[in-house]
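Have a look at the structure below, then the notes.
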Amino acid sequence: MSDAALIDLATAAGLLPEWEGADGVRQTVAPDTLRAALVALDLPAATAGDIVESRQRLDLAGERNFVTGDVGAPIGRWPGKARLLLESGEARDVAADAVLVVDEPGYHRLELADRIVTIAVAPRRAPGIATLTGRARAWGLTTQLYALRGEALAGFGDFAALADGVRVAGANGADALAISPVHALFLADPARFSPYSPSSRDFLNPLFAAPGVGQETDSEALIDWPSASTARVARLRTAYDGFAGDASFDDFVAKGGAPLRGHAVFETLHGHFHAQGIVGGWQDWPAAFRDPNGAAATAFAADHDDEVRFHLYLQWRAACGLDAAQAAATGAGMAIGLIADLAIGIDPGGSHAWSRRGELLHGLTLGAPPDGYSATGQGWGITGLSPTALAASGYEPFLRTLRAALSHAGGLRVDHALGLGRLWVIPEGASSLHGVYLRQPIDDLLRLLVLEARRAGALVIGEDLGVVPPGFRERLADRHLLGMRVLPFERTKTGGFTDPSRWTPTAAAMTSTHDMTPIAGWWRGIDIGWRENLGETVEPPEQRQADRERFWDRAIETGGVTSAAPLADNPARAVDAAIALVARSDCELALVAIEDLLGLEQAPNLPGTIDEHPNWRRRLPAPPETLFADAAVAARIVTLTKERPA
């Protein structure tokens with residue numbers, strides 16, 4: 001068996017046998033890694049015969065019945081006469097072998113003699129800040145939803161606290177508030193609280209629904225998720241016990257259909273087996289219950305109808321709460337309001353994988369290759385949508401997830417947007433070093449993203465950080481999908497900080513992200529201490545001091561600063577300068593992490609850790625109304641509104 005035949009099959013399947021690392025060095029994927037990835041894609045390659053058979057299966061893939069195109073551009077040609085039915089209702093005849101061009105965005109039908117093809121036609125560009133706000137530049141904040149404190153005491157932030165927060169932010173001139181993911185997790189297992197390892201991205205985390213009855217103990221600096229979640233579920237059950245039903249709930253359940261009910265049945269089953277000590281995903285359940293359409297699951301759901309209804313009720317309460325928060329945002333004057341966060345992947349033991357496992361990659365974990373941040377790469381323990389399944393289903397899983405996220409928000413941040421072009425996939429049991437890139441249908445995905453954003457009137461931000469392939473950022477900008485320009489990462493070749501007036505306009509300028517130490521903590525070197533505690537090699541103190549000096553040089557040149565740099569243990573003026581730099585950037589949107597606005601020092605998350613750092617547990621010290629009244633915070637808001645007036 002030749003390596004050439006293996007490489008040919010891998011390439012045809014979308015795998016990249018070679019790739020370029022963050023250091024610019026060309027890397028070659030080991031044959032064993034290619035074989036393992038191919039097996040996970042249901043393309044065996046152990047023998048020469050396997051490779052021939054797998055390649056034949058790929059070559060025999062049928063005609064696509066779902067294609068995408070751009071407004072006013074050639075889409076394709078089909079033999080024989082056809083009839084085009086536009087989404088608007090207009091019908092057009094298409095001559096045999098004519099090149100199809102459609103000048104109306106939408107989902108259209110092309111009726112051929114033997115089949116029907118859906119034509120998704122995208123506008124050239126997604127809505128930008130100018131379209132959505134009427135101004136060239138705007139600003140907003142980012143926050144971890146659970147960290148918020150509202151008017152009511154609670155163990156963690158919820159949609160009621162979010163509504164309180166957007167009212168204050170909007171009154172102070174913000175046009176947007178980007179929040180952490182609110183995807184459904186595992187209600188019966190509150191120890192699984194990472195927002196980026198969801199059970200399903202199509203449904204909401206019901207813990208964020210404000211119960212409206214009873215009281216909770218207000219948590220202090222860190223959330224005790226098991227205790228706080230138990231208290232929240234108890235209050236939600238009390239609310240459900242007093243719920244007689246209404247037309248709004250019935251309509252919500254009817255519109256949710258089989259997918260919503262399937263999620264509720266999963267949650268009921270998961271709670272049942274978790275109580276018996278089966279703490280993993282559906283793969284650990286008794287075999288008869290692993291089939292969502294099997295007799296065992298069907299009978300169980302019928303026998304536990306009220307518990308299934310309780311989970312339907314939780315989804316309804318959560319959706320109503322999130323809708324109310326978006327209404328509060330726009331009511332407070334925000335032109336965009338909430339920017340939802342779409343996680344890159346899904347827990348393979350969760351609701352989506354149980355009910356619609358054919359849509360996902362199996363035997364492959366998503367992650368990131370070795371780079372400047374992690375020399376060993378990263379494995380995230382999640383899976384993603386299969387490009388083969390996407391093409392076969394007319395991209396229905398992708399569209400369903402997009403629409404779910406956009407239905408409650410005015411914008412969307414796409415986590416690890418590099419995954420729209422390629423995913424770093426790691427065969428089950430392998431280290432993150434032994435992964436391989438799997439190409440994604442980027443042209444189709446970008447067109448659908450732009451089309452759905454235009455239909456929703458929403459802003460889209462793509463997280464374009466990490467090992468960025470050549471041309472990727474330009475493709476986002478061409479579609480008016482905003483990239484992310486994060487202050488500590490914007491450097492010159494000599495290590496200095498780039499002039500923000502030269503940052504890409506089609507981007508969101510940011511002070512930091514949820515995976516980074518806030519500016520105050522970076523100035524103090526808090527991140528260095530955390531890494532030392534983990535036994536990692538860290539930068540010497542003189543390097544951080546040199547970076548502080550480079551930062552202050554940029555602040556003097558760009559930010560109007562005239563005084564000497566503050567000492568390392570006095571970061572407040574460095575925070576002021578960072579916000580001023582981001583506010584003065586050429587980017588159409590500036591997003592300031594609420595930790596930076598408040599001058600906090602600790603990061604929400606430390607990538608690569610689970611128990612070593614209190615990830616996803618930190619709360620803000622007070623409600624936004626109190627925090628925003630602080631003189632230092634008020635001065636930073638003045639800087640933002642002066643540079644980016646409402």
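Following the order of the structure tokens, first chain is A, next is B, and so on, with residues numbered from 1 inside each chain and ligands from 1 in the order they appear.
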So that I can check the surroundings of His274 (chain A), please list as a list in words every protein, DNA and RNA residue that reaches within 12 Å of it, counting only C-alpha atoms and ignoring chain neighbours fewer than 2 positions away.
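So, after excluding close chain neighbours, the residues are Phe186, Leu187, Ala188, Asp189, Pro190, Phe266, Glu267, Thr268, Leu269, His270, Gly271, His272, Gln276, Gly277, Ile278, Val279, Gly280, Gly281, Trp282, Asp284 and Trp285 of chain A.
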Find the spatial neighbours of region 359-373 of chain A, counting only C-alpha atoms, within a cut-off of 6 Å - ignore same-chain residues fewer than 2 positions away - and output them as a list in words.
Ala22, Ala40, Arg356, Arg357, Ala375, Thr376, Gly377, Gln378, Gly379, Trp380, Gly381, Ile382, Thr383, Gly384, Leu385, Ser386, Ala389, Trp424, Val425, Ile426, Pro427 and Glu428 of chain A
Filtering to N, CA, C and O atoms, could you give me those residues as a PDB file, in the first residue's frame?
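Produced file selection23.pdb, reproduced below:
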ATOM      1  N   ALA A  22       2.110  27.872  13.273  1.00  0.00           N
ATOM      2  CA  ALA A  22       2.157  29.292  13.622  1.00  0.00           C
ATOM      3  C   ALA A  22       3.537  29.876  13.387  1.00  0.00           C
ATOM      4  O   ALA A  22       3.676  31.090  13.165  1.00  0.00           O
ATOM      5  N   ALA A  40     -12.656   7.314  11.298  1.00  0.00           N
ATOM      6  CA  ALA A  40     -13.705   8.087  11.971  1.00  0.00           C
ATOM      7  C   ALA A  40     -14.678   8.698  10.968  1.00  0.00           C
ATOM      8  O   ALA A  40     -15.851   8.923  11.291  1.00  0.00           O
ATOM      9  N   ARG A 356     -29.528  13.178  17.260  1.00  0.00           N
ATOM     10  CA  ARG A 356     -29.229  13.373  15.834  1.00  0.00           C
ATOM     11  C   ARG A 356     -27.742  13.091  15.588  1.00  0.00           C
ATOM     12  O   ARG A 356     -27.030  13.914  15.025  1.00  0.00           O
ATOM     13  N   ARG A 357     -27.314  11.916  15.992  1.00  0.00           N
ATOM     14  CA  ARG A 357     -25.877  11.626  15.954  1.00  0.00           C
ATOM     15  C   ARG A 357     -25.332  11.571  14.535  1.00  0.00           C
ATOM     16  O   ARG A 357     -24.137  11.753  14.319  1.00  0.00           O
ATOM     17  N   ALA A 375       2.342  24.740  23.335  1.00  0.00           N
ATOM     18  CA  ALA A 375       3.310  23.999  22.525  1.00  0.00           C
ATOM     19  C   ALA A 375       2.848  22.576  22.241  1.00  0.00           C
ATOM     20  O   ALA A 375       3.351  21.928  21.320  1.00  0.00           O
ATOM     21  N   THR A 376       1.895  22.070  23.014  1.00  0.00           N
ATOM     22  CA  THR A 376       1.414  20.701  22.815  1.00  0.00           C
ATOM     23  C   THR A 376       0.050  20.656  22.139  1.00  0.00           C
ATOM     24  O   THR A 376      -0.532  19.585  21.979  1.00  0.00           O
ATOM     25  N   GLY A 377      -0.467  21.817  21.738  1.00  0.00           N
ATOM     26  CA  GLY A 377      -1.791  21.843  21.135  1.00  0.00           C
ATOM     27  C   GLY A 377      -2.879  21.726  22.189  1.00  0.00           C
ATOM     28  O   GLY A 377      -2.609  21.663  23.394  1.00  0.00           O
ATOM     29  N   GLN A 378      -4.118  21.695  21.731  1.00  0.00           N
ATOM     30  CA  GLN A 378      -5.250  21.620  22.649  1.00  0.00           C
ATOM     31  C   GLN A 378      -6.270  20.612  22.129  1.00  0.00           C
ATOM     32  O   GLN A 378      -6.560  20.571  20.938  1.00  0.00           O
ATOM     33  N   GLY A 379      -6.821  19.812  23.031  1.00  0.00           N
ATOM     34  CA  GLY A 379      -7.941  18.930  22.741  1.00  0.00           C
ATOM     35  C   GLY A 379      -9.097  19.336  23.625  1.00  0.00           C
ATOM     36  O   GLY A 379      -8.952  19.394  24.848  1.00  0.00           O
ATOM     37  N   TRP A 380     -10.232  19.639  23.030  1.00  0.00           N
ATOM     38  CA  TRP A 380     -11.327  20.249  23.788  1.00  0.00           C
ATOM     39  C   TRP A 380     -12.385  19.264  24.258  1.00  0.00           C
ATOM     40  O   TRP A 380     -13.333  19.659  24.959  1.00  0.00           O
ATOM     41  N   GLY A 381     -12.296  18.012  23.858  1.00  0.00           N
ATOM     42  CA  GLY A 381     -13.272  17.025  24.315  1.00  0.00           C
ATOM     43  C   GLY A 381     -14.654  17.204  23.737  1.00  0.00           C
ATOM     44  O   GLY A 381     -15.636  16.706  24.301  1.00  0.00           O
ATOM     45  N   ILE A 382     -14.763  17.922  22.635  1.00  0.00           N
ATOM     46  CA  ILE A 382     -16.054  18.159  21.988  1.00  0.00           C
ATOM     47  C   ILE A 382     -15.967  17.700  20.538  1.00  0.00           C
ATOM     48  O   ILE A 382     -14.888  17.493  19.995  1.00  0.00           O
ATOM     49  N   THR A 383     -17.124  17.554  19.908  1.00  0.00           N
ATOM     50  CA  THR A 383     -17.161  17.204  18.505  1.00  0.00           C
ATOM     51  C   THR A 383     -17.932  18.283  17.748  1.00  0.00           C
ATOM     52  O   THR A 383     -18.397  19.249  18.340  1.00  0.00           O
ATOM     53  N   GLY A 384     -18.033  18.115  16.428  1.00  0.00           N
ATOM     54  CA  GLY A 384     -18.675  19.145  15.613  1.00  0.00           C
ATOM     55  C   GLY A 384     -19.496  18.531  14.495  1.00  0.00           C
ATOM     56  O   GLY A 384     -19.599  17.300  14.347  1.00  0.00           O
ATOM     57  N   LEU A 385     -20.080  19.399  13.689  1.00  0.00           N
ATOM     58  CA  LEU A 385     -20.907  18.957  12.575  1.00  0.00           C
ATOM     59  C   LEU A 385     -20.043  18.340  11.479  1.00  0.00           C
ATOM     60  O   LEU A 385     -18.976  18.851  11.147  1.00  0.00           O
ATOM     61  N   SER A 386     -20.526  17.268  10.908  1.00  0.00           N
ATOM     62  CA  SER A 386     -19.816  16.580   9.837  1.00  0.00           C
ATOM     63  C   SER A 386     -20.047  17.308   8.514  1.00  0.00           C
ATOM     64  O   SER A 386     -21.200  17.556   8.141  1.00  0.00           O
ATOM     65  N   ALA A 389     -22.327  15.225   6.331  1.00  0.00           N
ATOM     66  CA  ALA A 389     -23.729  15.284   6.737  1.00  0.00           C
ATOM     67  C   ALA A 389     -24.343  16.630   6.390  1.00  0.00           C
ATOM     68  O   ALA A 389     -25.527  16.705   6.023  1.00  0.00           O
ATOM     69  N   TRP A 424      -9.314  21.426  13.384  1.00  0.00           N
ATOM     70  CA  TRP A 424      -8.250  20.541  13.845  1.00  0.00           C
ATOM     71  C   TRP A 424      -8.926  19.387  14.571  1.00  0.00           C
ATOM     72  O   TRP A 424      -9.550  19.566  15.622  1.00  0.00           O
ATOM     73  N   VAL A 425      -8.870  18.205  13.992  1.00  0.00           N
ATOM     74  CA  VAL A 425      -9.552  17.051  14.568  1.00  0.00           C
ATOM     75  C   VAL A 425      -8.507  16.047  15.054  1.00  0.00           C
ATOM     76  O   VAL A 425      -7.485  15.811  14.400  1.00  0.00           O
ATOM     77  N   ILE A 426      -8.782  15.458  16.211  1.00  0.00           N
ATOM     78  CA  ILE A 426      -7.845  14.543  16.861  1.00  0.00           C
ATOM     79  C   ILE A 426      -8.530  13.185  16.994  1.00  0.00           C
ATOM     80  O   ILE A 426      -9.592  13.082  17.622  1.00  0.00           O
ATOM     81  N   PRO A 427      -7.977  12.143  16.402  1.00  0.00           N
ATOM     82  CA  PRO A 427      -8.582  10.813  16.548  1.00  0.00           C
ATOM     83  C   PRO A 427      -8.696  10.413  18.018  1.00  0.00           C
ATOM     84  O   PRO A 427      -7.840  10.742  18.839  1.00  0.00           O
ATOM     85  N   GLU A 428      -9.754   9.725  18.321  1.00  0.00           N
ATOM     86  CA  GLU A 428     -10.034   9.317  19.698  1.00  0.00           C
ATOM     87  C   GLU A 428      -8.834   8.582  20.298  1.00  0.00           C
ATOM     88  O   GLU A 428      -8.301   7.642  19.711  1.00  0.00           O
TER      89      GLU A 428
END
Surrounding residues of Asp32 (chain A) excluding itself and chain neighbours under 4 positions, 10 Å, only C-alpha atoms, as a PDB file with N, CA and C atoms, in the first residue's frame:
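File written: around.pdb
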ATOM      1  N   ALA A  36      -6.424   6.885  11.055  1.00  0.00           N
ATOM      2  CA  ALA A  36      -7.368   6.966  12.174  1.00  0.00           C
ATOM      3  C   ALA A  36      -8.473   7.970  11.887  1.00  0.00           C
ATOM      4  N   ALA A  37      -8.118   9.110  11.301  1.00  0.00           N
ATOM      5  CA  ALA A  37      -9.123  10.112  10.968  1.00  0.00           C
ATOM      6  C   ALA A  37     -10.056   9.601   9.880  1.00  0.00           C
ATOM      7  N   LEU A  38      -9.520   8.885   8.904  1.00  0.00           N
ATOM      8  CA  LEU A  38     -10.351   8.339   7.828  1.00  0.00           C
ATOM      9  C   LEU A  38     -11.337   7.306   8.361  1.00  0.00           C
ATOM     10  N   ALA A  45      -8.947   2.668   5.745  1.00  0.00           N
ATOM     11  CA  ALA A  45      -7.744   2.795   4.922  1.00  0.00           C
ATOM     12  C   ALA A  45      -6.616   1.921   5.447  1.00  0.00           C
ATOM     13  N   ALA A  46      -6.964   0.775   6.057  1.00  0.00           N
ATOM     14  CA  ALA A  46      -5.937  -0.095   6.629  1.00  0.00           C
ATOM     15  C   ALA A  46      -5.177  -0.858   5.560  1.00  0.00           C
ATOM     16  N   HIS A 434      -1.147  14.969  17.612  1.00  0.00           N
ATOM     17  CA  HIS A 434      -1.346  14.061  16.485  1.00  0.00           C
ATOM     18  C   HIS A 434      -2.740  14.243  15.894  1.00  0.00           C
TER      19      HIS A 434
END
Write out as an MDAnalysis selection string each polymer residue whose atoms come within 12 Å of Asn533 (chain A), counting only C-alpha atoms; drop sequence neighbours fewer than 4 positions from it.
chainID A and resid 526:529 537:538 609 612:613
Excluding His416 (chain A) and any residue of its chain fewer than 6 positions from it, enumerate the residues within 10 Å of it, using only C-alpha atoms, and give them as a PyMOL selection string.
chain A and resi 342-345+367-368+423+462-466
Can you measure CA of Pro500 (chain A) to CA of Ala409 (chain A) for me? One decimal in Å is fine.
28.5 Å
So which residues touch Gly495 (chain A) within 10 Å, counting only C-alpha atoms, skipping near sequence neighbours fewer than 5 positions away, as a ChimeraX atom specification?
/A:489-490,546-547,550-551
Alpha helix (DSSP H) positions in region 185-359 of chain A, given as a PyMOL selection string:
chain A and resi 225-241+247-275+295-303+305-331+351-355
So the first atom is CA of Ala578 (chain A) and the second is CA of Tyr196 (chain A); what is the distance between them in Å, to one decimal place?
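Interatomic distance here is 27.5 Å.
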Region 520-525 of chain A surroundings by only C-alpha atoms, 6 Å radius, close-in-sequence under 5 positions cut, as a list in words
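In the requested format, the answer is Ala568, Asp569, Pro571, Gly599 and Glu601 of chain A.
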